[in-house]
file final.pdb (PDB, C-alpha atoms)
ATOM      1  CA  MET L  32      13.865 115.296  73.524
ATOM      2  CA  GLU L  33      13.045 117.259  70.480
ATOM      3  CA  ASN L  34      14.976 117.266  67.258
ATOM      4  CA  ALA L  35      13.940 120.804  66.405
ATOM      5  CA  ASN L  36      12.168 122.712  69.103
ATOM      6  CA  ASN L  37      10.048 125.162  67.174
ATOM      7  CA  ILE L  38       7.662 125.463  70.088
ATOM      8  CA  ILE L  39       9.949 127.598  72.233
ATOM      9  CA  MET L  40      10.369 131.232  71.326
ATOM     10  CA  LYS L  41      13.831 131.473  72.853
ATOM     11  CA  ARG L  42      16.220 128.617  73.463
ATOM     12  CA  ASP L  43      18.178 128.285  76.684
ATOM     13  CA  ASN L  44      21.756 127.359  75.778
ATOM     14  CA  ASN L  45      22.453 126.208  79.305
ATOM     15  CA  LEU L  46      19.540 123.754  79.323
ATOM     16  CA  ASP L  47      20.354 122.601  75.785
ATOM     17  CA  GLY L  48      23.839 121.762  77.010
ATOM     18  CA  LEU L  49      22.377 119.899  79.965
ATOM     19  CA  LYS L  50      20.076 117.972  77.602
ATOM     20  CA  PHE L  51      23.076 116.745  75.636
ATOM     21  CA  ILE L  52      24.908 115.660  78.786
ATOM     22  CA  MET L  53      21.809 113.745  79.922
ATOM     23  CA  ILE L  54      21.364 112.000  76.566
ATOM     24  CA  PHE L  55      25.024 110.993  76.706
ATOM     25  CA  LEU L  56      24.384 109.458  80.144
ATOM     26  CA  VAL L  57      21.277 107.716  78.782
ATOM     27  CA  VAL L  58      23.402 106.081  76.079
ATOM     28  CA  LEU L  59      26.171 105.228  78.548
ATOM     29  CA  GLY L  60      23.693 103.783  81.031
ATOM     30  CA  HIS L  61      22.290 101.448  78.381
ATOM     31  CA  LEU L  62      25.695  99.912  77.616
ATOM     32  CA  ASN L  63      27.055  96.871  79.411
ATOM     33  CA  PHE L  64      30.497  97.568  80.852
ATOM     34  CA  ASP L  65      32.835  96.764  83.709
ATOM     35  CA  ASP L  66      32.984  99.709  86.121
ATOM     36  CA  TYR L  67      35.359  97.983  88.559
ATOM     37  CA  GLY L  68      32.647  97.562  91.188
ATOM     38  CA  LEU L  69      31.755 101.258  91.399
ATOM     39  CA  GLU L  70      28.060 100.607  90.621
ATOM     40  CA  LEU L  71      28.003 103.668  88.368
ATOM     41  CA  LYS L  72      24.665 102.710  86.818
ATOM     42  CA  ASN L  73      22.970 103.116  90.194
ATOM     43  CA  TYR L  74      24.107 106.734  90.242
ATOM     44  CA  ILE L  75      23.295 107.418  86.581
ATOM     45  CA  TYR L  76      19.811 105.909  86.785
ATOM     46  CA  SER L  77      19.014 107.842  89.949
ATOM     47  CA  PHE L  78      18.871 111.141  88.044
ATOM     48  CA  HIS L  79      19.315 110.946  84.261
ATOM     49  CA  MET L  80      15.668 110.261  83.318
ATOM     50  CA  PRO L  81      14.190 112.473  86.084
ATOM     51  CA  VAL L  82      16.255 115.377  84.731
ATOM     52  CA  PHE L  83      15.300 114.568  81.148
ATOM     53  CA  VAL L  84      11.595 114.352  81.940
ATOM     54  CA  PHE L  85      11.809 117.621  83.902
ATOM     55  CA  LEU L  86      13.403 119.314  80.875
ATOM     56  CA  SER L  87      10.723 117.845  78.615
ATOM     57  CA  GLY L  88       8.086 119.491  80.775
ATOM     58  CA  TYR L  89      10.030 122.733  80.888
ATOM     59  CA  PHE L  90      10.312 122.867  77.089
ATOM     60  CA  THR L  91       6.627 122.055  76.528
ATOM     61  CA  SER L  92       4.637 124.989  75.182
ATOM     62  CA  LEU L  93       1.451 125.906  77.019
ATOM     63  CA  LYS L  94       0.119 127.881  74.058
ATOM     64  CA  ASN L  95      -3.092 126.569  72.551
ATOM     65  CA  ASP L  96      -1.803 126.167  68.987
ATOM     66  CA  LYS L  97      -3.770 123.203  67.623
ATOM     67  CA  LYS L  98      -1.895 123.021  64.312
ATOM     68  CA  LYS L  99       1.533 122.773  65.960
ATOM     69  CA  GLN L 100       0.230 120.310  68.524
ATOM     70  CA  ILE L 101      -1.237 117.996  65.883
ATOM     71  CA  LYS L 102       1.920 118.282  63.762
ATOM     72  CA  TRP L 103       4.085 117.340  66.755
ATOM     73  CA  LEU L 104       1.819 114.415  67.701
ATOM     74  CA  LYS L 105       1.897 113.023  64.166
ATOM     75  CA  LYS L 106       5.693 113.291  64.030
ATOM     76  CA  ILE L 107       6.330 111.547  67.370
ATOM     77  CA  ALA L 108       3.660 108.898  66.720
ATOM     78  CA  LEU L 109       5.198 108.052  63.332
ATOM     79  CA  ILE L 110       8.708 107.922  64.798
ATOM     80  CA  TYR L 111       7.452 105.594  67.531
ATOM     81  CA  ILE L 112       5.639 103.268  65.108
ATOM     82  CA  PHE L 113       8.539 103.012  62.673
ATOM     83  CA  ALA L 114      11.044 102.562  65.512
ATOM     84  CA  GLN L 115       8.904  99.741  66.929
ATOM     85  CA  LEU L 116       8.806  98.049  63.525
ATOM     86  CA  GLY L 117      12.524  98.649  63.117
ATOM     87  CA  HIS L 118      13.223  96.817  66.367
ATOM     88  CA  VAL L 119      11.153  93.858  65.209
ATOM     89  CA  VAL L 120      13.283  93.673  62.060
ATOM     90  CA  LEU L 121      16.442  94.088  64.171
ATOM     91  CA  ASP L 122      15.387  91.239  66.474
ATOM     92  CA  CYS L 123      14.900  88.990  63.449
ATOM     93  CA  GLY L 124      18.370  89.904  62.195
ATOM     94  CA  ILE L 125      19.941  89.314  65.623
ATOM     95  CA  HIS L 126      18.163  85.973  65.930
ATOM     96  CA  TYR L 127      19.447  84.947  62.491
ATOM     97  CA  ILE L 128      23.046  85.933  63.381
ATOM     98  CA  SER L 129      22.799  84.108  66.726
ATOM     99  CA  CYS L 130      21.528  80.982  65.000
ATOM    100  CA  SER L 131      24.383  81.191  62.504
ATOM    101  CA  ILE L 132      27.004  81.609  65.260
ATOM    102  CA  ASN L 133      25.598  78.745  67.321
ATOM    103  CA  LYS L 134      24.815  76.643  64.223
ATOM    104  CA  GLU L 135      21.137  76.342  65.114
ATOM    105  CA  PRO L 136      18.110  76.307  62.769
ATOM    106  CA  PHE L 137      16.573  79.740  62.166
ATOM    107  CA  SER L 138      12.873  80.473  62.660
ATOM    108  CA  ILE L 139      11.245  83.882  62.357
ATOM    109  CA  ARG L 140       8.445  82.978  64.768
ATOM    110  CA  PRO L 141      10.330  83.864  68.015
ATOM    111  CA  CYS L 142      10.877  87.391  66.679
ATOM    112  CA  LEU L 143       7.201  88.129  66.180
ATOM    113  CA  SER L 144       4.797  88.543  69.072
ATOM    114  CA  PHE L 145       1.481  90.234  69.759
ATOM    115  CA  VAL L 146       3.256  91.912  72.673
ATOM    116  CA  ASP L 147       5.215  93.995  70.135
ATOM    117  CA  ILE L 148       2.070  95.987  69.390
ATOM    118  CA  TYR L 149       1.440  97.412  72.836
ATOM    119  CA  CYS L 150       4.790  97.078  74.660
ATOM    120  CA  PRO L 151       7.412  99.702  73.753
ATOM    121  CA  ARG L 152      10.672  98.110  72.667
ATOM    122  CA  PHE L 153      13.740  98.855  74.800
ATOM    123  CA  ALA L 154      13.843 102.619  75.528
ATOM    124  CA  LEU L 155      11.012 103.636  73.192
ATOM    125  CA  TRP L 156       8.683 103.925  76.195
ATOM    126  CA  TYR L 157       9.752 107.558  76.505
ATOM    127  CA  LEU L 158       8.156 108.551  73.194
ATOM    128  CA  LEU L 159       4.842 107.025  74.213
ATOM    129  CA  SER L 160       4.966 108.641  77.656
ATOM    130  CA  LEU L 161       5.851 112.015  76.143
ATOM    131  CA  ILE L 162       2.710 111.828  73.998
ATOM    132  CA  TYR L 163       0.598 111.117  77.099
ATOM    133  CA  TRP L 164       2.204 113.925  79.102
ATOM    134  CA  ARG L 165       1.813 116.561  76.438
ATOM    135  CA  LEU L 166      -1.759 115.594  75.593
ATOM    136  CA  ALA L 167      -2.620 115.900  79.283
ATOM    137  CA  THR L 168      -0.789 119.225  79.474
ATOM    138  CA  TRP L 169      -2.593 120.778  76.537
ATOM    139  CA  HIS L 170      -6.012 119.722  77.835
ATOM    140  CA  ILE L 171      -5.625 120.004  81.613
ATOM    141  CA  PHE L 172      -2.701 122.122  82.832
ATOM    142  CA  ASN L 173      -4.057 125.558  81.918
ATOM    143  CA  LYS L 174      -7.430 124.685  83.446
ATOM    144  CA  CYS L 175      -6.128 123.595  86.860
ATOM    145  CA  ASN L 176      -4.158 125.046  89.734
ATOM    146  CA  ASP L 177      -0.584 123.946  89.060
ATOM    147  CA  VAL L 178       0.208 123.112  92.700
ATOM    148  CA  THR L 179      -2.912 120.933  92.884
ATOM    149  CA  LEU L 180      -1.867 119.260  89.649
ATOM    150  CA  LEU L 181       1.595 118.535  91.072
ATOM    151  CA  VAL L 182       0.110 116.965  94.209
ATOM    152  CA  VAL L 183      -2.263 114.853  92.096
ATOM    153  CA  SER L 184       0.601 113.738  89.841
ATOM    154  CA  ILE L 185       2.608 112.627  92.896
ATOM    155  CA  LEU L 186      -0.358 110.646  94.244
ATOM    156  CA  LEU L 187      -0.920 109.053  90.827
ATOM    157  CA  SER L 188       2.772 108.187  90.613
ATOM    158  CA  ILE L 189       2.557 106.254  93.871
ATOM    159  CA  ALA L 190      -0.925 104.776  93.343
ATOM    160  CA  SER L 191      -0.221 103.521  89.794
ATOM    161  CA  GLY L 192       2.048 100.816  91.174
ATOM    162  CA  PHE L 193      -0.970  99.079  92.712
ATOM    163  CA  ILE L 194      -2.567  98.625  89.273
ATOM    164  CA  PRO L 195      -1.473  95.294  87.707
ATOM    165  CA  ILE L 196      -0.246  96.799  84.439
ATOM    166  CA  GLY L 197       3.507  96.846  83.908
ATOM    167  CA  HIS L 198       5.489  97.700  80.786
ATOM    168  CA  ALA L 199       2.421  97.575  78.510
ATOM    169  CA  PHE L 200       1.596 100.964  76.966
ATOM    170  CA  SER L 201       4.432 102.416  79.106
ATOM    171  CA  PHE L 202       1.879 102.570  81.921
ATOM    172  CA  GLN L 203       4.075 102.457  85.021
ATOM    173  CA  ARG L 204       6.809 104.732  83.711
ATOM    174  CA  SER L 205       4.307 107.293  82.427
ATOM    175  CA  PHE L 206       2.817 107.733  85.881
ATOM    176  CA  SER L 207       6.077 107.291  87.808
ATOM    177  CA  PHE L 208       7.838 110.106  85.970
ATOM    178  CA  LEU L 209       4.742 112.327  85.636
ATOM    179  CA  PRO L 210       5.605 114.532  88.675
ATOM    180  CA  PHE L 211       8.961 115.456  87.101
ATOM    181  CA  PHE L 212       7.215 116.532  83.896
ATOM    182  CA  VAL L 213       4.625 118.585  85.803
ATOM    183  CA  LEU L 214       7.371 120.187  87.899
ATOM    184  CA  GLY L 215       9.155 121.229  84.698
ATOM    185  CA  LEU L 216       5.941 122.858  83.478
ATOM    186  CA  ILE L 217       5.546 124.734  86.761
ATOM    187  CA  PHE L 218       9.165 125.942  86.684
ATOM    188  CA  LYS L 219       8.560 127.397  83.227
ATOM    189  CA  LYS L 220       5.173 128.918  84.042
ATOM    190  CA  ARG L 221       6.286 130.527  87.324
ATOM    191  CA  ASP L 222       9.820 131.389  86.157
ATOM    192  CA  LEU L 223      11.311 129.437  89.062
ATOM    193  CA  MET L 224      14.595 128.776  87.265
ATOM    194  CA  SER L 225      15.895 132.223  88.228
ATOM    195  CA  LYS L 226      15.023 131.531  91.873
ATOM    196  CA  LEU L 227      16.789 128.154  91.741
ATOM    197  CA  GLU L 228      19.941 129.918  90.557
ATOM    198  CA  ARG L 229      20.037 131.939  93.793
ATOM    199  CA  VAL L 230      20.624 128.837  95.904
ATOM    200  CA  PRO L 231      24.286 128.829  97.087
ATOM    201  CA  ILE L 232      26.402 126.511  94.942
ATOM    202  CA  TRP L 233      27.580 124.447  97.932
ATOM    203  CA  VAL L 234      24.015 123.360  98.802
ATOM    204  CA  PRO L 235      23.395 121.143  95.721
ATOM    205  CA  PHE L 236      26.807 119.479  96.122
ATOM    206  CA  ILE L 237      25.919 118.426  99.664
ATOM    207  CA  ILE L 238      22.489 117.190  98.511
ATOM    208  CA  ILE L 239      24.056 115.202  95.662
ATOM    209  CA  ALA L 240      26.584 113.588  98.004
ATOM    210  CA  ILE L 241      23.845 112.513 100.421
ATOM    211  CA  CYS L 242      21.601 111.209  97.616
ATOM    212  CA  PHE L 243      24.448 109.224  96.038
ATOM    213  CA  ILE L 244      25.282 107.601  99.362
ATOM    214  CA  ILE L 245      21.652 106.516  99.721
ATOM    215  CA  SER L 246      21.089 105.482  96.087
ATOM    216  CA  LYS L 247      24.182 103.249  96.043
ATOM    217  CA  ASP L 248      22.274 100.589  97.968
ATOM    218  CA  LEU L 249      19.015 100.965  96.005
ATOM    219  CA  SER L 250      18.083  99.121  92.826
ATOM    220  CA  LEU L 251      18.069 100.941  89.480
ATOM    221  CA  PHE L 252      15.288 103.520  89.113
ATOM    222  CA  GLN L 253      13.353 101.696  86.381
ATOM    223  CA  PRO L 254       9.677 101.775  87.416
ATOM    224  CA  ARG L 255       8.407  99.546  84.631
ATOM    225  CA  GLU L 256       6.618  96.977  86.812
ATOM    226  CA  TYR L 257       3.808  97.249  89.347
ATOM    227  CA  TYR L 258       4.347  96.563  93.041
ATOM    228  CA  ASN L 259       4.871  93.035  94.300
ATOM    229  CA  ASP L 260       4.768  94.070  97.957
ATOM    230  CA  PHE L 261       4.853  97.054 100.299
ATOM    231  CA  HIS L 262       8.643  97.259  99.988
ATOM    232  CA  ASP L 263       8.249  98.163  96.292
ATOM    233  CA  THR L 264       5.959 101.048  97.256
ATOM    234  CA  ILE L 265       8.517 102.481  99.681
ATOM    235  CA  LEU L 266      11.278 101.942  97.117
ATOM    236  CA  ARG L 267       9.454 103.968  94.443
ATOM    237  CA  ILE L 268       8.837 106.790  96.918
ATOM    238  CA  GLU L 269      12.509 106.797  97.965
ATOM    239  CA  GLN L 270      13.753 106.748  94.388
ATOM    240  CA  SER L 271      11.357 109.528  93.362
ATOM    241  CA  VAL L 272      12.440 111.777  96.235
ATOM    242  CA  ILE L 273      16.108 111.134  95.443
ATOM    243  CA  GLY L 274      15.436 111.764  91.747
ATOM    244  CA  LEU L 275      13.753 115.076  92.572
ATOM    245  CA  CYS L 276      16.566 116.249  94.858
ATOM    246  CA  LEU L 277      19.238 115.241  92.356
ATOM    247  CA  SER L 278      17.394 116.819  89.411
ATOM    248  CA  LEU L 279      17.044 120.223  91.058
ATOM    249  CA  SER L 280      20.610 120.069  92.368
ATOM    250  CA  ILE L 281      22.095 119.168  88.987
ATOM    251  CA  ILE L 282      20.057 121.853  87.233
ATOM    252  CA  ASN L 283      21.192 124.376  89.847
ATOM    253  CA  ILE L 284      24.841 123.473  89.293
ATOM    254  CA  SER L 285      24.440 123.575  85.521
ATOM    255  CA  ARG L 286      23.098 127.125  85.744
ATOM    256  CA  ASN L 287      26.370 128.180  87.357
ATOM    257  CA  ILE L 288      28.702 126.400  84.937
ATOM    258  CA  LYS L 289      28.993 128.468  81.778
ATOM    259  CA  CYS L 290      31.183 125.974  79.913
ATOM    260  CA  ILE L 291      28.151 123.690  79.608
ATOM    261  CA  GLU L 292      26.926 126.041  76.878
ATOM    262  CA  LYS L 293      29.744 124.784  74.638
ATOM    263  CA  VAL L 294      27.779 121.586  73.969
ATOM    264  CA  ALA L 295      24.424 123.408  73.703
ATOM    265  CA  LYS L 296      24.429 123.112  69.912
ATOM    266  CA  TYR L 297      24.181 119.332  70.268
ATOM    267  CA  GLY L 298      21.169 119.502  72.557
ATOM    268  CA  VAL L 299      18.779 119.910  69.628
ATOM    269  CA  TYR L 300      19.670 116.435  68.318
ATOM    270  CA  THR L 301      18.651 114.438  71.376
ATOM    271  CA  LEU L 302      15.652 112.824  69.657
ATOM    272  CA  TRP L 303      17.910 111.449  66.916
ATOM    273  CA  ILE L 304      20.381 110.140  69.484
ATOM    274  CA  TYR L 305      17.697 108.696  71.742
ATOM    275  CA  VAL L 306      15.896 106.696  69.067
ATOM    276  CA  GLY L 307      18.970 105.802  67.033
ATOM    277  CA  HIS L 308      21.143 104.505  69.849
ATOM    278  CA  THR L 309      18.493 101.953  70.878
ATOM    279  CA  PHE L 310      19.221  99.906  67.740
ATOM    280  CA  LEU L 311      22.982  99.918  68.248
ATOM    281  CA  VAL L 312      22.719  99.113  71.960
ATOM    282  CA  VAL L 313      20.288  96.218  71.441
ATOM    283  CA  PHE L 314      22.501  94.790  68.694
ATOM    284  CA  GLY L 315      25.607  95.097  70.864
ATOM    285  CA  LYS L 316      24.009  93.547  73.940
ATOM    286  CA  GLU L 317      22.958  90.481  71.984
ATOM    287  CA  ILE L 318      25.919  89.981  69.632
ATOM    288  CA  PHE L 319      29.004  91.235  71.513
ATOM    289  CA  PRO L 320      28.867  88.543  74.245
ATOM    290  CA  GLN L 321      28.468  85.810  71.626
ATOM    291  CA  ILE L 322      31.675  86.817  69.854
ATOM    292  CA  GLY L 323      33.623  87.502  73.039
ATOM    293  CA  ILE L 324      33.593  91.307  73.021
ATOM    294  CA  SER L 325      33.458  93.128  76.373
ATOM    295  CA  PHE L 326      34.720  96.496  77.544
ATOM    296  CA  ASN L 327      35.394  98.620  80.626
ATOM    297  CA  ILE L 328      33.973 101.998  81.596
ATOM    298  CA  TRP L 329      36.553 103.944  79.548
ATOM    299  CA  ILE L 330      35.746 102.095  76.329
ATOM    300  CA  ALA L 331      32.030 102.482  77.122
ATOM    301  CA  ILE L 332      32.446 106.263  77.425
ATOM    302  CA  LEU L 333      34.196 106.398  74.044
ATOM    303  CA  LEU L 334      31.517 104.177  72.507
ATOM    304  CA  ALA L 335      28.717 106.361  73.929
ATOM    305  CA  LEU L 336      30.422 109.457  72.484
ATOM    306  CA  LEU L 337      30.766 107.670  69.147
ATOM    307  CA  TYR L 338      27.065 106.761  69.105
ATOM    308  CA  CYS L 339      26.102 110.365  69.925
ATOM    309  CA  SER L 340      28.454 111.737  67.266
ATOM    310  CA  LEU L 341      27.091 109.321  64.661
ATOM    311  CA  PHE L 342      23.483 110.435  65.079
ATOM    312  CA  ILE L 343      24.410 114.106  65.311
ATOM    313  CA  PHE L 344      26.171 113.677  61.963
ATOM    314  CA  LEU L 345      23.152 111.876  60.479
ATOM    315  CA  ALA L 346      20.781 114.554  61.784
ATOM    316  CA  ARG L 347      22.882 117.341  60.329
ATOM    317  CA  THR L 348      23.219 115.529  57.022
ATOM    318  CA  TYR L 349      19.459 115.003  56.858
ATOM    319  CA  LYS L 350      18.836 118.652  57.703
ATOM    320  CA  SER L 351      21.255 119.830  55.009
ATOM    321  CA  PHE L 352      19.689 117.502  52.430
ATOM    322  CA  LYS L 353      16.189 118.662  53.369
ATOM    323  CA  MET L 354      17.119 122.336  52.945
ATOM    324  CA  LYS L 355      18.330 121.821  49.372
TER     325      LYS L 355
END

call {"tool": "encode", "arguments": {"input": "final.pdb", "output": "structure tokens"}}
result
Amino acid sequence: MENANNIIMKRDNNLDGLKFIMIFLVVLGHLNFDDYGLELKNYIYSFHMPVFVFLSGYFTSLKNDKKKQIKWLKKIALIYIFAQLGHVVLDCGIHYISCSINKEPFSIRPCLSFVDIYCPRFALWYLLSLIYWRLATWHIFNKCNDVTLLVVSILLSIASGFIPIGHAFSFQRSFSFLPFFVLGLIFKKRDLMSKLERVPIWVPFIIIAICFIISKDLSLFQPREYYNDFHDTILRIEQSVIGLCLSLSIINISRNIKCIEKVAKYGVYTLWIYVGHTFLVVFGKEIFPQIGISFNIWIAILLALLYCSLFIFLARTYKSFKMK
């Protein structure tokens, strides 16, 4: 999810378009809406982050450029820290509004917690995980056999659930999604994208249909907590396999749909959309129900498009101002 990907020598318009579609689904998936019993979030969550993490790995440079690496780390770390602080301020504001609506006394103490320091707020876990993944890539990937690294990442993904650390430091999600990131790296290194394109177009549609039928009865793919029992272990394995099948199938289909390139120009603003929408979504989830606002899937789609458009506009405005 990079605002300006200066690491890649040549951009892939098709994948940029896919990035924008995935960030739109991320925003949509974070909204509360009535989908008339279709359980759309089960479908969205089964693939949207696996695809995004795969693309993050694919777009990660394997060149040993220390200056660019340090510059990128500083940028993402600062964004993460300020976003965390911003959410603390937002929570205080939401708590004040809630107290005013319900005519209750306001106290700032519930908004402040030691947990805020080491637990990513809302969807900010991705920034922290991305730092881990890229640091590991720059120090390990080029020194190891990539197939061995993929196998190890899969084993770590499964084994991490036995360690009693949950959302703190984005521990569970970092390991759970690690295989998708490593697979993206391998696809870039071995130029496997061209081979994926050769798969007949009807194959991914059949795979997607089967995966959707299975995922409908599974819980949302949000591996933020460690295992409570053996059933959780099997569930993570099932969800990871489904996520892998769906990711490769969706990428395959996207390679054969040229119109996806029409939204490629918005794919470079995914970092702005990702971080920015978290504030609007958190505010809406807390305040809308208190003032009686609810909406269906169609309004949610329009709202998600509005949120994306807002942060694309802000990103472009910032870029124009910076160039002056």

call {"tool": "residues_around", "arguments": {"input": "final.pdb", "residues": "Leu143 (chain L)", "least_positions_apart": "5", "cutoff": "9 Å", "atoms": "only C-alpha atoms", "output": "MDAnalysis selection string"}}
result
chainID L and resid 119 122:123

call {"tool": "write_last_selection", "arguments": {"input": "final.pdb", "atoms": "C-alpha atoms", "output": "JSON list (two decimals), keeping the file's coordinate frame"}}
result
[["chain", "number", "residue", "atom", "x", "y", "z"],
["L", 119, "VAL", "CA", 11.15, 93.86, 65.21],
["L", 122, "ASP", "CA", 15.39, 91.24, 66.47],
["L", 123, "CYS", "CA", 14.90, 88.99, 63.45]]

call {"tool": "resolve_selection", "arguments": {"input": "final.pdb", "expression": "the PyMOL selection byres ((chain L and resi 91) around 10)", "output": "ChimeraX atom specification"}}
result
/L:36,38-39,86-90,92-94,164-165,168-169,212,215-216,219

call {"tool": "write_last_selection", "arguments": {"input": "final.pdb", "atoms": "C-alpha atoms", "output": "mmCIF file, in the frame of the given file"}}
result
data_model
loop_
_atom_site.group_PDB
_atom_site.id
_atom_site.type_symbol
_atom_site.label_atom_id
_atom_site.label_comp_id
_atom_site.auth_asym_id
_atom_site.auth_seq_id
_atom_site.Cartn_x
_atom_site.Cartn_y
_atom_site.Cartn_z
ATOM 1 C CA ASN L 36 12.168 122.712 69.103
ATOM 2 C CA ILE L 38 7.662 125.463 70.088
ATOM 3 C CA ILE L 39 9.949 127.598 72.233
ATOM 4 C CA LEU L 86 13.403 119.314 80.875
ATOM 5 C CA SER L 87 10.723 117.845 78.615
ATOM 6 C CA GLY L 88 8.086 119.491 80.775
ATOM 7 C CA TYR L 89 10.030 122.733 80.888
ATOM 8 C CA PHE L 90 10.312 122.867 77.089
ATOM 9 C CA SER L 92 4.637 124.989 75.182
ATOM 10 C CA LEU L 93 1.451 125.906 77.019
ATOM 11 C CA LYS L 94 0.119 127.881 74.058
ATOM 12 C CA TRP L 164 2.204 113.925 79.102
ATOM 13 C CA ARG L 165 1.813 116.561 76.438
ATOM 14 C CA THR L 168 -0.789 119.225 79.474
ATOM 15 C CA TRP L 169 -2.593 120.778 76.537
ATOM 16 C CA PHE L 212 7.215 116.532 83.896
ATOM 17 C CA GLY L 215 9.155 121.229 84.698
ATOM 18 C CA LEU L 216 5.941 122.858 83.478
ATOM 19 C CA LYS L 219 8.560 127.397 83.227
#

call {"tool": "resolve_selection", "arguments": {"input": "final.pdb", "expression": "the PyMOL selection byres ((chain L and resi 230-237) around 9)", "output": "list in words"}}
result
Lys226, Leu227, Glu228, Arg229, Ile238, Ile239, Ala240, Ile241, Cys242, Cys276, Leu277, Leu279, Ser280, Ile281, Asn283, Ile284 and Asn287 of chain L

call {"tool": "write_last_selection", "arguments": {"input": "final.pdb", "atoms": "C-alpha atoms", "output": "PDB file, keeping the file's coordinate frame"}}
result
ATOM      1  CA  LYS L 226      15.023 131.531  91.873  1.00  0.00           C
ATOM      2  CA  LEU L 227      16.789 128.154  91.741  1.00  0.00           C
ATOM      3  CA  GLU L 228      19.941 129.918  90.557  1.00  0.00           C
ATOM      4  CA  ARG L 229      20.037 131.939  93.793  1.00  0.00           C
ATOM      5  CA  ILE L 238      22.489 117.190  98.511  1.00  0.00           C
ATOM      6  CA  ILE L 239      24.056 115.202  95.662  1.00  0.00           C
ATOM      7  CA  ALA L 240      26.584 113.588  98.004  1.00  0.00           C
ATOM      8  CA  ILE L 241      23.845 112.513 100.421  1.00  0.00           C
ATOM      9  CA  CYS L 242      21.601 111.209  97.616  1.00  0.00           C
ATOM     10  CA  CYS L 276      16.566 116.249  94.858  1.00  0.00           C
ATOM     11  CA  LEU L 277      19.238 115.241  92.356  1.00  0.00           C
ATOM     12  CA  LEU L 279      17.044 120.223  91.058  1.00  0.00           C
ATOM     13  CA  SER L 280      20.610 120.069  92.368  1.00  0.00           C
ATOM     14  CA  ILE L 281      22.095 119.168  88.987  1.00  0.00           C
ATOM     15  CA  ASN L 283      21.192 124.376  89.847  1.00  0.00           C
ATOM     16  CA  ILE L 284      24.841 123.473  89.293  1.00  0.00           C
ATOM     17  CA  ASN L 287      26.370 128.180  87.357  1.00  0.00           C
TER      18      ASN L 287
END

call {"tool": "closest_residue", "arguments": {"input": "final.pdb", "among": "L:Tyr67, L:Tyr163, L:Phe319, L:Phe206", "to": "Ile132 (chain L)", "atoms": "all atoms listed in the file"}}
result
L:Phe319

call {"tool": "closest_atom_pairs", "arguments": {"input": "final.pdb", "of": "region 65-170 of chain L", "to": "region 41-57 of chain L", "cutoff": "7 Å", "atoms": "all atoms listed in the file", "output": "Markdown table"}}
result
| residue | atom | partner | partner_atom | distance |
| --- | --- | --- | --- | --- |
| L:Ile75 | CA | L:Leu56 | CA | 6.8 |
| L:His79 | CA | L:Met53 | CA | 5.7 |
| L:Phe83 | CA | L:Met53 | CA | 6.7 |

call {"tool": "write_last_selection", "arguments": {"input": "final.pdb", "atoms": "C-alpha atoms", "output": "compact mmCIF listing (two decimals), in the coordinates of the input"}}
result
# COMPACT_ATOMS: atom_id res chain seq x y z
CA ILE L 75 23.30 107.42 86.58
CA HIS L 79 19.32 110.95 84.26
CA PHE L 83 15.30 114.57 81.15

call {"tool": "atom_distance", "arguments": {"input": "final.pdb", "atom1": "CA of Gly60 (chain L)", "atom2": "CA of Asn327 (chain L)"}}
result
12.8 Å

call {"tool": "closest_residue", "arguments": {"input": "final.pdb", "among": "L:Asn73, L:Ser138, L:Gln321, L:Gln115", "to": "Ala154 (chain L)", "atoms": "only C-alpha atoms"}}
result
L:Gln115

call {"tool": "resolve_selection", "arguments": {"input": "final.pdb", "expression": "the PyMOL selection byres ((chain L and resi 194) around 10)", "output": "list in words"}}
result
Ala190, Ser191, Gly192, Phe193, Pro195, Ile196, Gly197, Phe202, Gln203, Glu256, Tyr257 and Tyr258 of chain L

call {"tool": "closest_residue", "arguments": {"input": "final.pdb", "among": "L:Leu62, L:Cys175, L:Ile139, L:Ile273", "to": "Ser325 (chain L)", "atoms": "only C-alpha atoms"}}
result
L:Leu62

call {"tool": "closest_residue", "arguments": {"input": "final.pdb", "among": "L:Leu158, L:Val84, L:Val178, L:Ile282", "to": "Leu109 (chain L)", "atoms": "all atoms listed in the file"}}
result
L:Leu158

call {"tool": "residues_near_point", "arguments": {"input": "final.pdb", "point": "(8.7, 103.4, 82.6)", "cutoff": "12 Å", "atoms": "only C-alpha atoms", "output": "PyMOL selection string"}}
result
chain L and resi 80-81+84+150-161+188+191-192+196-209+251-257+267

call {"tool": "closest_residue", "arguments": {"input": "final.pdb", "among": "L:Tyr76, L:Arg286, L:Asn173, L:Asp96", "to": "Met224 (chain L)", "atoms": "all atoms listed in the file"}}
result
L:Arg286

call {"tool": "axis_aligned_box", "arguments": {"input": "final.pdb", "around": "region 151-164 of chain L", "padding_each_side": "8 Å", "output": "AutoDock Vina command-line options"}}
result
--center_x 7.2 --center_y 106.0 --center_z 75.9 --size_x 29.2 --size_y 31.8 --size_z 22.4
